[in-house]
$ cat model.txt   # compact mmCIF, N, CA and C atoms
# COMPACT_ATOMS: atom_id res chain seq x y z
N MET Q 1 58.94 88.08 106.09
CA MET Q 1 59.80 87.42 107.04
C MET Q 1 60.99 88.34 107.33
N ALA Q 2 61.26 88.58 108.56
CA ALA Q 2 62.36 89.46 108.98
C ALA Q 2 63.58 88.62 109.37
N SER Q 3 64.73 89.16 109.04
CA SER Q 3 65.98 88.49 109.38
C SER Q 3 66.38 88.86 110.80
N GLU Q 4 66.97 87.92 111.48
CA GLU Q 4 67.46 88.21 112.84
C GLU Q 4 68.83 88.88 112.80
N GLU Q 5 69.49 88.86 111.65
CA GLU Q 5 70.81 89.46 111.52
C GLU Q 5 70.76 90.64 110.56
N LEU Q 6 71.29 91.77 110.99
CA LEU Q 6 71.33 92.97 110.15
C LEU Q 6 72.41 92.83 109.08
N PRO Q 7 72.22 93.45 107.92
CA PRO Q 7 73.26 93.41 106.89
C PRO Q 7 74.53 94.11 107.37
N LYS Q 8 75.65 93.69 106.82
CA LYS Q 8 76.94 94.27 107.19
C LYS Q 8 77.61 94.84 105.94
N THR Q 9 78.48 95.80 106.17
CA THR Q 9 79.27 96.36 105.07
C THR Q 9 80.74 96.06 105.33
N ALA Q 10 81.49 96.04 104.28
CA ALA Q 10 82.93 95.85 104.40
C ALA Q 10 83.63 96.93 103.58
N ALA Q 11 84.60 97.57 104.18
CA ALA Q 11 85.36 98.61 103.48
C ALA Q 11 86.29 97.96 102.46
N PRO Q 12 86.50 98.64 101.34
CA PRO Q 12 87.49 98.13 100.39
C PRO Q 12 88.87 98.13 101.05
N PRO Q 13 89.72 97.20 100.69
CA PRO Q 13 91.06 97.17 101.28
C PRO Q 13 91.88 98.38 100.82
N PRO Q 14 92.80 98.85 101.66
CA PRO Q 14 93.63 100.00 101.28
C PRO Q 14 94.36 99.81 99.95
N ASP Q 15 94.75 98.58 99.63
CA ASP Q 15 95.45 98.34 98.36
C ASP Q 15 94.61 98.75 97.15
N LEU Q 16 93.30 98.66 97.26
CA LEU Q 16 92.43 99.08 96.17
C LEU Q 16 92.56 100.58 95.94
N PHE Q 17 92.65 101.36 97.01
CA PHE Q 17 92.83 102.80 96.89
C PHE Q 17 94.20 103.13 96.31
N VAL Q 18 95.23 102.40 96.72
CA VAL Q 18 96.57 102.62 96.16
C VAL Q 18 96.51 102.42 94.65
N HIS Q 19 95.89 101.35 94.22
CA HIS Q 19 95.78 101.05 92.78
C HIS Q 19 95.03 102.16 92.05
N GLU Q 20 93.88 102.56 92.57
CA GLU Q 20 93.07 103.59 91.90
C GLU Q 20 93.76 104.95 91.90
N PHE Q 21 94.35 105.34 93.02
CA PHE Q 21 95.05 106.62 93.07
C PHE Q 21 96.21 106.63 92.08
N ASN Q 22 96.96 105.52 92.00
CA ASN Q 22 98.07 105.44 91.04
C ASN Q 22 97.56 105.60 89.61
N ASN Q 23 96.38 105.07 89.32
CA ASN Q 23 95.80 105.22 87.98
C ASN Q 23 95.35 106.65 87.71
N LEU Q 24 94.85 107.33 88.73
CA LEU Q 24 94.29 108.67 88.55
C LEU Q 24 95.33 109.79 88.61
N VAL Q 25 96.36 109.61 89.40
CA VAL Q 25 97.32 110.69 89.65
C VAL Q 25 97.90 111.30 88.38
N PRO Q 26 98.32 110.53 87.37
CA PRO Q 26 98.93 111.17 86.20
C PRO Q 26 98.00 112.13 85.45
N SER Q 27 96.70 111.91 85.51
CA SER Q 27 95.79 112.75 84.72
C SER Q 27 94.89 113.66 85.56
N ALA Q 28 94.90 113.49 86.86
CA ALA Q 28 93.98 114.24 87.71
C ALA Q 28 94.64 115.48 88.30
N GLY Q 29 93.91 116.59 88.26
CA GLY Q 29 94.38 117.77 88.96
C GLY Q 29 94.05 117.65 90.44
N ARG Q 30 92.87 117.14 90.70
CA ARG Q 30 92.42 116.94 92.07
C ARG Q 30 91.54 115.70 92.08
N ILE Q 31 91.65 114.92 93.12
CA ILE Q 31 90.85 113.70 93.27
C ILE Q 31 89.91 113.88 94.44
N PHE Q 32 88.63 113.64 94.18
CA PHE Q 32 87.63 113.63 95.25
C PHE Q 32 87.18 112.19 95.47
N CYS Q 33 87.24 111.74 96.70
CA CYS Q 33 86.73 110.42 97.08
C CYS Q 33 85.51 110.66 97.95
N ILE Q 34 84.36 110.26 97.45
CA ILE Q 34 83.10 110.50 98.15
C ILE Q 34 82.59 109.16 98.67
N HIS Q 35 82.43 109.08 99.98
CA HIS Q 35 82.15 107.78 100.60
C HIS Q 35 81.00 107.82 101.61
N PRO Q 36 80.45 106.64 101.89
CA PRO Q 36 79.42 106.54 102.94
C PRO Q 36 79.98 106.96 104.30
N SER Q 37 79.10 107.24 105.20
CA SER Q 37 79.46 107.71 106.54
C SER Q 37 80.47 106.81 107.23
N ALA Q 38 81.48 107.43 107.81
CA ALA Q 38 82.48 106.69 108.58
C ALA Q 38 81.87 106.04 109.83
N GLU Q 39 80.68 106.48 110.19
CA GLU Q 39 80.02 105.90 111.36
C GLU Q 39 79.51 104.48 111.11
N VAL Q 40 79.35 104.12 109.82
CA VAL Q 40 78.82 102.80 109.50
C VAL Q 40 79.74 101.98 108.62
N ASN Q 41 80.86 102.56 108.17
CA ASN Q 41 81.72 101.87 107.23
C ASN Q 41 83.14 102.40 107.36
N GLY Q 42 84.13 101.57 107.09
CA GLY Q 42 85.53 101.96 107.23
C GLY Q 42 86.16 102.52 105.97
N THR Q 43 85.37 102.76 104.93
CA THR Q 43 85.91 103.22 103.65
C THR Q 43 86.63 104.55 103.78
N VAL Q 44 86.06 105.49 104.50
CA VAL Q 44 86.68 106.81 104.67
C VAL Q 44 88.05 106.66 105.32
N ARG Q 45 88.14 105.83 106.34
CA ARG Q 45 89.43 105.64 107.02
C ARG Q 45 90.47 105.06 106.07
N SER Q 46 90.07 104.05 105.29
CA SER Q 46 91.01 103.44 104.33
C SER Q 46 91.47 104.45 103.30
N ALA Q 47 90.54 105.19 102.72
CA ALA Q 47 90.88 106.17 101.69
C ALA Q 47 91.78 107.27 102.26
N PHE Q 48 91.46 107.76 103.44
CA PHE Q 48 92.26 108.83 104.04
C PHE Q 48 93.67 108.35 104.35
N MET Q 49 93.78 107.15 104.91
CA MET Q 49 95.08 106.60 105.25
C MET Q 49 95.96 106.51 104.00
N VAL Q 50 95.41 106.00 102.91
CA VAL Q 50 96.19 105.87 101.68
C VAL Q 50 96.47 107.24 101.06
N SER Q 51 95.53 108.16 101.14
CA SER Q 51 95.74 109.49 100.54
C SER Q 51 96.96 110.19 101.15
N GLN Q 52 97.28 109.88 102.39
CA GLN Q 52 98.43 110.49 103.05
C GLN Q 52 99.76 110.04 102.45
N GLU Q 53 99.73 108.93 101.70
CA GLU Q 53 100.95 108.44 101.04
C GLU Q 53 101.23 109.18 99.73
N PHE Q 54 100.24 109.91 99.23
CA PHE Q 54 100.39 110.63 97.97
C PHE Q 54 100.61 112.12 98.28
N LEU Q 55 101.79 112.43 98.74
CA LEU Q 55 102.10 113.75 99.28
C LEU Q 55 101.95 114.89 98.28
N ASN Q 56 102.23 114.66 97.01
CA ASN Q 56 102.19 115.72 96.01
C ASN Q 56 100.90 115.72 95.21
N THR Q 57 99.86 115.10 95.73
CA THR Q 57 98.58 115.01 95.04
C THR Q 57 97.49 115.57 95.93
N ASP Q 58 96.61 116.34 95.33
CA ASP Q 58 95.48 116.92 96.06
C ASP Q 58 94.32 115.92 96.06
N ILE Q 59 94.21 115.17 97.16
CA ILE Q 59 93.16 114.16 97.29
C ILE Q 59 92.24 114.58 98.43
N GLY Q 60 90.98 114.79 98.10
CA GLY Q 60 89.98 115.13 99.11
C GLY Q 60 89.13 113.92 99.43
N VAL Q 61 89.23 113.43 100.65
CA VAL Q 61 88.42 112.29 101.09
C VAL Q 61 87.22 112.87 101.82
N ILE Q 62 86.04 112.60 101.29
CA ILE Q 62 84.82 113.21 101.80
C ILE Q 62 83.95 112.18 102.49
N ASP Q 63 83.68 112.42 103.77
CA ASP Q 63 82.75 111.61 104.54
C ASP Q 63 81.37 112.26 104.38
N THR Q 64 80.49 111.62 103.64
CA THR Q 64 79.17 112.21 103.36
C THR Q 64 78.27 112.23 104.59
N ARG Q 65 78.63 111.48 105.59
CA ARG Q 65 77.82 111.37 106.81
C ARG Q 65 76.40 110.88 106.49
N THR Q 66 76.30 110.12 105.39
CA THR Q 66 75.02 109.54 105.00
C THR Q 66 75.29 108.21 104.32
N ILE Q 67 74.25 107.48 104.03
CA ILE Q 67 74.35 106.24 103.27
C ILE Q 67 73.21 106.19 102.27
N GLY Q 68 73.32 105.33 101.30
CA GLY Q 68 72.24 105.13 100.35
C GLY Q 68 72.23 106.12 99.21
N SER Q 69 71.04 106.34 98.66
CA SER Q 69 70.88 107.12 97.44
C SER Q 69 71.34 108.58 97.52
N PRO Q 70 71.33 109.23 98.69
CA PRO Q 70 71.84 110.61 98.71
C PRO Q 70 73.29 110.71 98.22
N ILE Q 71 74.05 109.65 98.36
CA ILE Q 71 75.44 109.68 97.91
C ILE Q 71 75.49 109.83 96.39
N ALA Q 72 74.59 109.17 95.69
CA ALA Q 72 74.55 109.28 94.23
C ALA Q 72 74.34 110.74 93.81
N SER Q 73 73.47 111.44 94.50
CA SER Q 73 73.23 112.85 94.19
C SER Q 73 74.49 113.67 94.42
N LEU Q 74 75.21 113.39 95.49
CA LEU Q 74 76.44 114.11 95.77
C LEU Q 74 77.50 113.85 94.70
N VAL Q 75 77.59 112.62 94.25
CA VAL Q 75 78.56 112.28 93.20
C VAL Q 75 78.19 112.99 91.89
N GLN Q 76 76.91 113.01 91.56
CA GLN Q 76 76.47 113.70 90.35
C GLN Q 76 76.79 115.19 90.42
N LEU Q 77 76.53 115.81 91.55
CA LEU Q 77 76.85 117.23 91.72
C LEU Q 77 78.35 117.48 91.60
N ALA Q 78 79.14 116.62 92.22
CA ALA Q 78 80.60 116.78 92.15
C ALA Q 78 81.08 116.69 90.71
N ALA Q 79 80.51 115.75 89.95
CA ALA Q 79 80.89 115.61 88.54
C ALA Q 79 80.53 116.85 87.74
N GLU Q 80 79.35 117.41 88.00
CA GLU Q 80 78.92 118.65 87.33
C GLU Q 80 79.85 119.80 87.67
N TRP Q 81 80.16 119.95 88.95
CA TRP Q 81 81.04 121.05 89.38
C TRP Q 81 82.44 120.89 88.80
N ALA Q 82 82.90 119.65 88.69
CA ALA Q 82 84.25 119.42 88.15
C ALA Q 82 84.35 119.77 86.68
N SER Q 83 83.23 119.59 85.96
CA SER Q 83 83.29 119.89 84.53
C SER Q 83 82.92 121.35 84.32
$ encode --input "model.txt" --output "structure tokens"
Amino acid sequence: MASEELPKTAAPPPDLFVHEFNNLVPSAGRIFCIHPSAEVNGTVRSAFMVSQEFLNTDIGVIDTRTIGSPIASLVQLAAEWAS
């Protein structure tokens, strides 16, 4: 049975990024935020907007331009490269 309505996504609120960045800033040299494509979700916009408030922190907001399982591979690679 097929649904007549497509699934929807919702971006995390900017306050969530403020909270997480505040937690990470004291111990992080650089923060990478890896997110689903901005073409289908507002997460990149929220993260980028909040990252601009952290002027003395190196925060890279990455639009993967993809969705789904390829993002997991990108996160795993980023973790390997960081260590």
$ residues_around --input "model.txt" --residues "segment 30-34 of chain Q" --least-positions-apart "3" --cutoff "5 Å" --atoms "only N, CA and C atoms" --output "short mmCIF file (atom, residue, chain, number, x, y, z; two decimals) with N, CA and C atoms, keeping the file's coordinate frame"
data_model
loop_
_atom_site.label_atom_id
_atom_site.label_comp_id
_atom_site.auth_asym_id
_atom_site.auth_seq_id
_atom_site.Cartn_x
_atom_site.Cartn_y
_atom_site.Cartn_z
N ASP Q 58 96.61 116.34 95.33
CA ASP Q 58 95.48 116.92 96.06
C ASP Q 58 94.32 115.92 96.06
N ILE Q 59 94.21 115.17 97.16
CA ILE Q 59 93.16 114.16 97.29
C ILE Q 59 92.24 114.58 98.43
N GLY Q 60 90.98 114.79 98.10
CA GLY Q 60 89.98 115.13 99.11
C GLY Q 60 89.13 113.92 99.43
N VAL Q 61 89.23 113.43 100.65
CA VAL Q 61 88.42 112.29 101.09
C VAL Q 61 87.22 112.87 101.82
N ILE Q 62 86.04 112.60 101.29
CA ILE Q 62 84.82 113.21 101.80
C ILE Q 62 83.95 112.18 102.49
#
$ closest_residue --input "model.txt" --among "Q:Leu55, Q:Leu24, Q:Val40, Q:Ile71" --to "Ala10 of chain Q" --atoms "only N, CA and C atoms"
Q:Val40
$ atom_distance --input "model.txt" --atom1 "atom CA of Phe48 of chain Q" --atom2 "atom CA of Ala78 of chain Q"
18.5 Å
$ residues_around --input "model.txt" --residues "Arg45 of chain Q" --least-positions-apart "4" --cutoff "10 Å" --atoms "only C-alpha atoms" --output "JSON, numbers by chain"
{"Q": [11, 14, 35, 38, 41, 49, 50, 51, 61, 63]}
$ atom_distance --input "model.txt" --atom1 "atom CA of Glu5 of chain Q" --atom2 "atom C of Ala47 of chain Q"
29.0 Å
$ atom_distance --input "model.txt" --atom1 "atom CA of Gly68 of chain Q" --atom2 "atom N of Ser46 of chain Q"
18.5 Å
$ residues_around --input "model.txt" --residues "Thr66 of chain Q" --least-positions-apart "2" --cutoff "5 Å" --atoms "all atoms listed in the file" --output "list in words"
Pro36, Ser37, Thr64 and Gly68 of chain Q
$ select_by_dssp --input "model.txt" --residues "segment 16-50 of chain Q" --states "strand (DSSP E)" --output "list in words"
Ile31, Phe32, Cys33, Ile34 and His35 of chain Q
$ closest_residue --input "model.txt" --among "Q:Arg65, Q:Pro13, Q:Phe54, Q:Gln76" --to "Glu39 of chain Q" --atoms "all atoms listed in the file"
Q:Arg65
$ select_by_dssp --input "model.txt" --residues "chain Q" --states "helix (DSSP H, G or I)" --output "number ranges by chain"
Q: 14-24, 43-51, 70-82
$ closest_residue --input "model.txt" --among "Q:Thr57, Q:Gln52, Q:Ile67, Q:Lys8" --to "Gly29 of chain Q" --atoms "all atoms listed in the file"
Q:Thr57
